[in-house]
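Engineer: Below is the file target29.pdb, with PDB, C-alpha atoms.
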```pdb
ATOM      1  CA  GLY A   1    -106.323  52.404   8.396
ATOM      2  CA  GLY A   2    -103.392  51.617   6.121
ATOM      3  CA  GLY A   3    -101.931  48.911   8.408
ATOM      4  CA  GLY A   4     -99.573  46.227   7.185
ATOM      5  CA  GLY A   5     -96.411  48.058   8.194
ATOM      6  CA  GLY A   6     -95.058  47.739   4.665
ATOM      7  CA  LEU A   7     -95.143  43.936   4.818
ATOM      8  CA  ARG A   8     -95.498  41.925   1.625
ATOM      9  CA  ARG A   9     -97.291  38.605   1.548
ATOM     10  CA  SER A  10     -95.436  35.546   0.266
ATOM     11  CA  TYR A  11     -97.667  33.133  -1.637
ATOM     12  CA  SER A  12     -95.264  30.200  -1.415
ATOM     13  CA  SER A  13     -93.435  28.425   1.364
ATOM     14  CA  PRO A  14     -90.539  28.537   0.859
ATOM     15  CA  ASN A  15     -90.574  31.625  -1.375
ATOM     16  CA  ILE A  16     -89.726  30.069  -4.738
ATOM     17  CA  ALA A  17     -89.224  33.429  -6.398
ATOM     18  CA  LYS A  18     -86.443  34.271  -3.938
ATOM     19  CA  MET A  19     -84.894  30.824  -4.392
ATOM     20  CA  LEU A  20     -84.742  31.363  -8.146
ATOM     21  CA  GLU A  21     -82.788  34.567  -7.585
ATOM     22  CA  SER A  22     -80.001  32.661  -5.801
ATOM     23  CA  PRO A  23     -76.771  31.694  -7.651
ATOM     24  CA  GLY A  24     -77.174  28.630  -9.832
ATOM     25  CA  ARG A  25     -80.949  29.008  -9.979
ATOM     26  CA  ASN A  26     -81.290  32.245 -11.931
ATOM     27  CA  LEU A  27     -82.773  31.252 -15.260
ATOM     28  CA  LYS A  28     -81.328  34.342 -16.904
ATOM     29  CA  GLN A  29     -77.786  33.209 -16.087
ATOM     30  CA  GLY A  30     -78.109  29.438 -16.348
ATOM     31  CA  PHE A  31     -80.439  26.854 -17.811
ATOM     32  CA  GLN A  32     -83.029  28.372 -20.142
ATOM     33  CA  VAL A  33     -86.547  27.052 -20.510
ATOM     34  CA  PRO A  34     -88.011  28.104 -23.873
ATOM     35  CA  VAL A  35     -91.157  30.204 -23.926
ATOM     36  CA  PRO A  36     -93.920  28.066 -25.444
ATOM     37  CA  LYS A  37     -94.483  28.925 -29.100
ATOM     38  CA  PHE A  38     -97.204  27.817 -31.453
ATOM     39  CA  ASP A  39     -96.882  27.473 -35.229
ATOM     40  CA  ARG A  40    -100.362  28.179 -36.605
ATOM     41  CA  LEU A  41     -99.280  26.990 -40.057
ATOM     42  CA  GLN A  42     -99.096  23.437 -38.736
ATOM     43  CA  LYS A  43    -102.680  22.293 -38.370
ATOM     44  CA  PRO A  44    -103.036  19.232 -36.117
ATOM     45  CA  SER A  45    -105.189  16.377 -37.331
ATOM     46  CA  THR A  46    -106.937  16.292 -33.968
ATOM     47  CA  ILE A  47    -107.689  19.450 -31.997
ATOM     48  CA  VAL A  48    -107.709  18.904 -28.239
ATOM     49  CA  LYS A  49    -109.715  21.494 -26.352
ATOM     50  CA  ARG A  50    -108.347  22.205 -22.886
ATOM     51  CA  ASP A  51    -109.530  24.630 -20.253
ATOM     52  CA  PHE A  52    -107.121  25.335 -17.424
ATOM     53  CA  ALA A  53    -109.480  27.986 -15.962
ATOM     54  CA  GLY A  54    -106.440  30.202 -15.629
ATOM     55  CA  VAL A  55    -106.338  33.318 -13.513
ATOM     56  CA  TRP A  56    -104.690  35.826 -15.839
ATOM     57  CA  GLY A  57    -101.619  37.691 -14.672
ATOM     58  CA  THR A  58     -97.860  37.490 -14.947
ATOM     59  CA  THR A  59     -95.502  36.201 -12.250
ATOM     60  CA  ASP A  60     -92.036  37.452 -11.283
ATOM     61  CA  GLN A  61     -90.467  34.737 -13.440
ATOM     62  CA  PRO A  62     -91.768  31.967 -15.702
ATOM     63  CA  GLY A  63     -92.512  28.706 -13.908
ATOM     64  CA  LEU A  64     -94.104  30.251 -10.810
ATOM     65  CA  THR A  65     -97.729  29.710 -11.832
ATOM     66  CA  GLY A  66     -99.748  28.006  -9.105
ATOM     67  CA  LEU A  67    -102.006  24.940  -9.300
ATOM     68  CA  ARG A  68    -105.450  25.090  -7.726
ATOM     69  CA  ASN A  69    -106.910  22.009  -6.051
ATOM     70  CA  LEU A  70    -109.768  19.901  -7.387
ATOM     71  CA  GLY A  71    -111.015  18.782  -3.996
ATOM     72  CA  ASN A  72    -108.229  17.195  -1.933
ATOM     73  CA  THR A  73    -105.733  16.955  -4.789
ATOM     74  CA  CYS A  74    -102.778  18.661  -3.114
ATOM     75  CA  TYR A  75    -101.034  15.257  -3.289
ATOM     76  CA  MET A  76    -101.041  15.575  -7.082
ATOM     77  CA  ASN A  77    -100.345  19.302  -7.349
ATOM     78  CA  SER A  78     -97.311  19.133  -5.063
ATOM     79  CA  ILE A  79     -95.698  16.448  -7.243
ATOM     80  CA  LEU A  80     -96.584  18.241 -10.485
ATOM     81  CA  GLN A  81     -94.912  21.395  -9.162
ATOM     82  CA  CYS A  82     -91.807  19.452  -8.100
ATOM     83  CA  VAL A  83     -91.464  17.811 -11.496
ATOM     84  CA  SER A  84     -92.219  21.135 -13.181
ATOM     85  CA  ASN A  85     -89.085  22.552 -11.567
ATOM     86  CA  THR A  86     -86.858  19.846 -13.059
ATOM     87  CA  LEU A  87     -85.602  22.214 -15.741
ATOM     88  CA  PRO A  88     -84.123  19.758 -18.304
ATOM     89  CA  LEU A  89     -87.427  17.875 -18.237
ATOM     90  CA  VAL A  90     -89.384  21.109 -18.699
ATOM     91  CA  GLN A  91     -87.277  22.097 -21.695
ATOM     92  CA  TYR A  92     -87.809  18.667 -23.265
ATOM     93  CA  PHE A  93     -91.602  18.916 -23.030
ATOM     94  CA  VAL A  94     -92.144  22.652 -23.560
ATOM     95  CA  SER A  95     -89.940  22.681 -26.683
ATOM     96  CA  ASP A  96     -92.106  19.840 -28.083
ATOM     97  CA  LYS A  97     -89.023  17.612 -28.434
ATOM     98  CA  TYR A  98     -90.935  14.898 -26.601
ATOM     99  CA  SER A  99     -93.393  14.510 -29.489
ATOM    100  CA  GLU A 100     -90.625  12.985 -31.617
ATOM    101  CA  ASP A 101     -90.206  10.208 -29.049
ATOM    102  CA  ILE A 102     -93.848   9.306 -28.331
ATOM    103  CA  ASN A 103     -94.288   5.558 -27.891
ATOM    104  CA  GLU A 104     -97.675   4.659 -29.352
ATOM    105  CA  HIS A 105     -97.327   1.156 -27.897
ATOM    106  CA  SER A 106     -97.194   2.299 -24.258
ATOM    107  CA  SER A 107    -100.037   1.575 -21.848
ATOM    108  CA  THR A 108    -101.373   5.148 -22.166
ATOM    109  CA  ARG A 109    -100.551   5.524 -25.900
ATOM    110  CA  GLY A 110     -98.713   8.743 -25.099
ATOM    111  CA  GLN A 111    -101.743  10.458 -23.573
ATOM    112  CA  VAL A 112    -100.107  11.220 -20.205
ATOM    113  CA  ALA A 113     -97.080  12.726 -21.942
ATOM    114  CA  HIS A 114     -99.291  14.956 -24.122
ATOM    115  CA  GLU A 115    -101.301  16.226 -21.136
ATOM    116  CA  PHE A 116     -98.141  16.736 -19.082
ATOM    117  CA  ALA A 117     -96.628  18.802 -21.909
ATOM    118  CA  ALA A 118     -99.770  20.934 -22.173
ATOM    119  CA  LEU A 119     -99.698  21.536 -18.427
ATOM    120  CA  LEU A 120     -96.039  22.580 -18.478
ATOM    121  CA  ARG A 121     -96.643  24.976 -21.360
ATOM    122  CA  SER A 122     -99.288  26.755 -19.276
ATOM    123  CA  LEU A 123     -97.166  26.728 -16.121
ATOM    124  CA  TRP A 124     -94.211  28.249 -17.991
ATOM    125  CA  SER A 125     -96.114  30.650 -20.254
ATOM    126  CA  ASN A 126     -95.989  33.397 -17.595
ATOM    127  CA  ALA A 127     -99.564  34.239 -18.553
ATOM    128  CA  TYR A 128    -101.372  32.981 -15.436
ATOM    129  CA  LYS A 129    -101.230  33.444 -11.691
ATOM    130  CA  SER A 130    -102.764  29.987 -11.298
ATOM    131  CA  ILE A 131    -104.444  27.238 -13.306
ATOM    132  CA  ILE A 132    -106.459  24.076 -12.637
ATOM    133  CA  PRO A 133    -104.906  20.771 -13.889
ATOM    134  CA  THR A 134    -108.289  19.311 -14.894
ATOM    135  CA  ASP A 135    -107.176  17.513 -18.055
ATOM    136  CA  ILE A 136    -104.112  15.724 -16.720
ATOM    137  CA  LYS A 137    -106.067  14.628 -13.649
ATOM    138  CA  ALA A 138    -108.820  13.199 -15.846
ATOM    139  CA  THR A 139    -106.224  11.402 -17.972
ATOM    140  CA  VAL A 140    -104.320   9.774 -15.099
ATOM    141  CA  GLY A 141    -107.669   8.892 -13.510
ATOM    142  CA  ARG A 142    -108.575   6.835 -16.577
ATOM    143  CA  PHE A 143    -105.455   4.730 -16.179
ATOM    144  CA  LYS A 144    -105.519   4.438 -12.386
ATOM    145  CA  ALA A 145    -108.897   4.599 -10.674
ATOM    146  CA  GLU A 146    -107.498   5.846  -7.350
ATOM    147  CA  PHE A 147    -106.605   9.163  -9.019
ATOM    148  CA  SER A 148    -110.017   9.668 -10.650
ATOM    149  CA  GLY A 149    -111.835  11.049  -7.611
ATOM    150  CA  ARG A 150    -111.275  14.115  -5.477
ATOM    151  CA  ASP A 151    -110.128  12.342  -2.312
ATOM    152  CA  GLN A 152    -106.654  12.586  -0.837
ATOM    153  CA  GLN A 153    -104.174  10.002  -2.137
ATOM    154  CA  ASP A 154    -100.504   9.179  -1.544
ATOM    155  CA  SER A 155     -98.081  11.677  -3.110
ATOM    156  CA  HIS A 156     -95.285   9.116  -3.386
ATOM    157  CA  GLU A 157     -97.526   6.694  -5.249
ATOM    158  CA  PHE A 158     -98.586   9.436  -7.659
ATOM    159  CA  ALA A 159     -94.964  10.483  -8.246
ATOM    160  CA  CYS A 160     -93.953   6.902  -9.050
ATOM    161  CA  LYS A 161     -96.853   6.355 -11.454
ATOM    162  CA  LEU A 162     -96.312   9.713 -13.172
ATOM    163  CA  LEU A 163     -92.636   8.995 -13.825
ATOM    164  CA  GLU A 164     -93.499   5.451 -14.928
ATOM    165  CA  TRP A 165     -96.084   6.730 -17.424
ATOM    166  CA  LEU A 166     -93.800   9.471 -18.742
ATOM    167  CA  HIS A 167     -90.995   6.934 -19.204
ATOM    168  CA  ASP A 168     -93.229   4.476 -21.050
ATOM    169  CA  ASP A 169     -94.723   7.242 -23.204
ATOM    170  CA  THR A 170     -91.291   8.479 -24.349
ATOM    171  CA  ASN A 171     -89.327   5.226 -24.364
ATOM    172  CA  LEU A 172     -87.533   4.872 -27.697
ATOM    173  CA  ILE A 173     -87.674   1.082 -27.267
ATOM    174  CA  GLN A 174     -91.348   0.590 -28.051
ATOM    175  CA  ASN A 175     -91.691  -3.071 -27.076
ATOM    176  CA  PRO A 176     -88.835  -3.829 -24.650
ATOM    177  CA  SER A 177     -88.107  -7.470 -23.929
ATOM    178  CA  LYS A 178     -87.817  -8.867 -20.417
ATOM    179  CA  MET A 179     -84.596  -8.196 -18.537
ATOM    180  CA  PRO A 180     -82.281 -11.240 -18.542
ATOM    181  CA  GLU A 181     -80.921 -12.806 -15.378
ATOM    182  CA  ILE A 182     -77.332 -11.696 -14.761
ATOM    183  CA  ASP A 183     -75.110 -14.438 -13.297
ATOM    184  CA  THR A 184     -72.831 -12.613 -10.862
ATOM    185  CA  THR A 185     -71.023 -15.755  -9.660
ATOM    186  CA  THR A 186     -68.790 -16.261 -12.683
ATOM    187  CA  ILE A 187     -67.713 -12.655 -13.413
ATOM    188  CA  SER A 188     -66.360  -9.750 -11.414
ATOM    189  CA  GLU A 189     -68.749  -7.331  -9.699
ATOM    190  CA  SER A 190     -67.698  -4.462 -11.959
ATOM    191  CA  GLU A 191     -68.311  -6.570 -15.047
ATOM    192  CA  ALA A 192     -71.677  -7.743 -13.691
ATOM    193  CA  CYS A 193     -72.625  -4.148 -12.941
ATOM    194  CA  LYS A 194     -71.746  -3.027 -16.468
ATOM    195  CA  LYS A 195     -73.568  -6.005 -17.976
ATOM    196  CA  PHE A 196     -76.745  -5.310 -15.987
ATOM    197  CA  TRP A 197     -76.805  -1.596 -16.801
ATOM    198  CA  THR A 198     -76.128  -2.241 -20.497
ATOM    199  CA  ALA A 199     -79.034  -4.691 -20.612
ATOM    200  CA  PHE A 200     -81.302  -2.189 -18.859
ATOM    201  CA  ILE A 201     -80.360   0.745 -21.096
ATOM    202  CA  SER A 202     -80.856  -1.340 -24.236
ATOM    203  CA  ARG A 203     -84.510  -1.729 -23.181
ATOM    204  CA  ASN A 204     -85.144   1.656 -21.565
ATOM    205  CA  GLN A 205     -84.190   4.858 -23.364
ATOM    206  CA  SER A 206     -86.119   7.930 -22.273
ATOM    207  CA  ILE A 207     -85.588  11.359 -20.731
ATOM    208  CA  ILE A 208     -86.874   9.917 -17.446
ATOM    209  CA  VAL A 209     -84.091   7.305 -17.377
ATOM    210  CA  GLN A 210     -81.498   9.978 -18.140
ATOM    211  CA  LEU A 211     -82.652  12.265 -15.328
ATOM    212  CA  PHE A 212     -84.008  10.006 -12.594
ATOM    213  CA  TYR A 213     -82.701   6.449 -12.826
ATOM    214  CA  GLY A 214     -79.768   4.921 -10.998
ATOM    215  CA  LEU A 215     -78.452   1.526  -9.936
ATOM    216  CA  THR A 216     -78.165  -0.143  -6.548
ATOM    217  CA  LYS A 217     -76.001  -3.074  -5.537
ATOM    218  CA  GLN A 218     -77.173  -5.382  -2.763
ATOM    219  CA  THR A 219     -74.671  -7.786  -1.224
ATOM    220  CA  THR A 220     -75.691 -10.598   1.103
ATOM    221  CA  MET A 221     -72.858 -12.333   2.959
ATOM    222  CA  CYS A 222     -72.810 -15.348   5.260
ATOM    223  CA  LEU A 223     -71.014 -14.417   8.478
ATOM    224  CA  ASN A 224     -69.809 -18.007   8.955
ATOM    225  CA  CYS A 225     -68.339 -19.060   5.607
ATOM    226  CA  ARG A 226     -68.064 -15.490   4.179
ATOM    227  CA  ALA A 227     -69.784 -16.580   0.961
ATOM    228  CA  LYS A 228     -71.727 -13.761  -0.656
ATOM    229  CA  SER A 229     -74.216 -13.053  -3.396
ATOM    230  CA  VAL A 230     -74.610  -9.798  -5.307
ATOM    231  CA  LYS A 231     -77.779  -8.405  -6.841
ATOM    232  CA  PHE A 232     -78.150  -5.266  -8.993
ATOM    233  CA  GLN A 233     -81.398  -3.334  -9.323
ATOM    234  CA  GLU A 234     -82.350  -0.161 -11.166
ATOM    235  CA  PHE A 235     -84.268   2.537  -9.311
ATOM    236  CA  TYR A 236     -85.913   5.902  -9.900
ATOM    237  CA  ASN A 237     -86.714   6.608  -6.261
ATOM    238  CA  LEU A 238     -85.263   5.586  -2.919
ATOM    239  CA  ASN A 239     -87.303   5.042   0.230
ATOM    240  CA  LEU A 240     -85.128   6.727   2.844
ATOM    241  CA  PHE A 241     -85.677   6.247   6.570
ATOM    242  CA  ILE A 242     -85.639   9.498   8.550
ATOM    243  CA  PRO A 243     -84.077   8.744  11.958
ATOM    244  CA  ILE A 244     -85.774  10.042  15.081
ATOM    245  CA  VAL A 245     -83.102  12.216  16.671
ATOM    246  CA  ASN A 246     -82.995  15.482  18.573
ATOM    247  CA  THR A 247     -80.641  17.083  16.080
ATOM    248  CA  ARG A 248     -81.194  18.123  12.462
ATOM    249  CA  THR A 249     -80.946  15.342   9.881
ATOM    250  CA  SER A 250     -79.648  15.994   6.375
ATOM    251  CA  LEU A 251     -80.358  14.111   3.165
ATOM    252  CA  ARG A 252     -76.772  12.870   3.269
ATOM    253  CA  ASP A 253     -77.437  11.352   6.714
ATOM    254  CA  CYS A 254     -80.468   9.521   5.315
ATOM    255  CA  LEU A 255     -78.405   8.164   2.413
ATOM    256  CA  LYS A 256     -75.686   6.965   4.802
ATOM    257  CA  ASN A 257     -78.337   5.163   6.807
ATOM    258  CA  TYR A 258     -79.664   3.569   3.605
ATOM    259  CA  VAL A 259     -76.313   2.020   2.645
ATOM    260  CA  LYS A 260     -75.148   0.919   6.100
ATOM    261  CA  GLU A 261     -74.695  -2.767   6.955
ATOM    262  CA  ASN A 262     -77.729  -4.605   8.312
ATOM    263  CA  SER A 263     -77.778  -8.015   9.962
ATOM    264  CA  SER A 264     -80.804  -9.919   8.770
ATOM    265  CA  SER A 265     -80.052 -12.843  11.099
ATOM    266  CA  SER A 266     -77.287 -14.134  13.318
ATOM    267  CA  THR A 267     -75.575 -15.758  10.336
ATOM    268  CA  SER A 268     -75.932 -13.260   7.501
ATOM    269  CA  ALA A 269     -75.365  -9.571   6.788
ATOM    270  CA  LEU A 270     -76.844  -7.299   4.142
ATOM    271  CA  PHE A 271     -75.020  -4.437   2.441
ATOM    272  CA  ALA A 272     -76.613  -1.933   0.059
ATOM    273  CA  SER A 273     -74.910   0.681  -2.062
ATOM    274  CA  VAL A 274     -75.860   3.156  -4.763
ATOM    275  CA  VAL A 275     -73.653   2.534  -7.812
TER     276      VAL A 275
END
```
Would you mind writing the file out in structure tokens?
Structural biologist:
Amino acid sequence: GGGGGGLRRSYSSPNIAKMLESPGRNLKQGFQVPVPKFDRLQKPSTIVKRDFAGVWGTTDQPGLTGLRNLGNTCYMNSILQCVSNTLPLVQYFVSDKYSEDINEHSSTRGQVAHEFAALLRSLWSNAYKSIIPTDIKATVGRFKAEFSGRDQQDSHEFACKLLEWLHDDTNLIQNPSKMPEIDTTTISESEACKKFWTAFISRNQSIIVQLFYGLTKQTTMCLNCRAKSVKFQEFYNLNLFIPIVNTRTSLRDCLKNYVKENSSSSTSALFASVV
């Protein structure tokens, strides 16, 4: 018979469409991602033919197009969808602003950035229910063999490499020099921190740095003489330990655990902090 009891199936878990309707996430009221537009008067010197094998049909809102697997490639699709919902990044690539910053001297010569932009344009065109990310998978597979096949891989590793490639492809400093050693023994910690970050930014200027990068400070102190050394390090991801407890653990709890004091031996202690 009719069945179903009036129930509606949700094709995402959690329901992203409902999340987008919540305050602060409604695209109509907040951050706007431009609808991809194409100027047919500008003829590219090289025409790249792509086939996303899209299933035609509109979604409730732009950005909700699904990605179909190519074998066991959910590790890749999950990260692509996460990054696709970083709205400032989407605007940068969909608006074609990224093309002004392409670094032809990067390891991929801008190819990952171009394929990522093409993927985002399809995901945000509101023209498909789902697509297959064949071209970007083939491109990343050329630069890292582990991603060339259809076997399951590590999502975290893919996320790190994707952000690394996108940074290199859009870094305004085309041939950055090696980071200098910062002597933290002769200047204050605040001055050393500023000096390190200034040196890093002078070599790394991309949308990825603006959105994802931060700075950590690691302090090692001798428990006997109280002498200490300080080391600064940039980061674009943090490996957070999830404690095994019977109660719910929040992201804030994981961050507190990350920066707590640790004794590496009976004579020294290690402190970490996010600057």
Engineer: Could you please determine the separation between CA of Ala138 (chain A) and CA of Leu166 (chain A) in Å, to one decimal place?
Structural biologist: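 These two atoms are separated by 15.7 Å.
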Engineer: For the provided coordinates, the residues matched by the PyMOL selection byres ((chain A and resi 181) around 12) should be stated as a list in words.
Structural biologist: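 Answer for the PyMOL selection byres ((chain A and resi 181) around 12): Lys178, Met179, Pro180, Ile182, Asp183, Thr184, Thr185, Ala192, Lys195, Phe196, Ala199, Phe200, Lys231, Phe232 and Gln233 of chain A.
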Engineer: Got a sec to check which residues sit within 12 Å of (-109.8, 14.8, -10.9), counting all atoms listed in the file, and write them as number ranges by chain?
Structural biologist: A: 68-77, 132-142, 144-153
Engineer: Using only C-alpha atoms, find each residue of region 89-117 of chain A with at least one atom at most 9 Å away from an atom of region 206-219 of chain A; report its shortest atom-to-atom pair and that distance in Å (one decimal), sort the rows by chain and rising residue number, and return the result as a tab-separated table.
Structural biologist:
```
residue	atom	partner	partner_atom	distance
A:Leu89	CA	A:Ile207	CA	7.2
A:Tyr92	CA	A:Ile207	CA	8.0
A:Tyr98	CA	A:Ile207	CA	8.7
A:Asp101	CA	A:Ser206	CA	8.2
```
Engineer: Given the PyMOL selection byres ((chain A and resi 120) around 8) and the file above, list the residues it selects as a list in words.
Structural biologist: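 Selected by the PyMOL selection byres ((chain A and resi 120) around 8) here: Ser84, Val90, Phe93, Val94, Phe116, Ala117, Ala118, Leu119, Arg121, Ser122, Leu123 and Trp124 of chain A.
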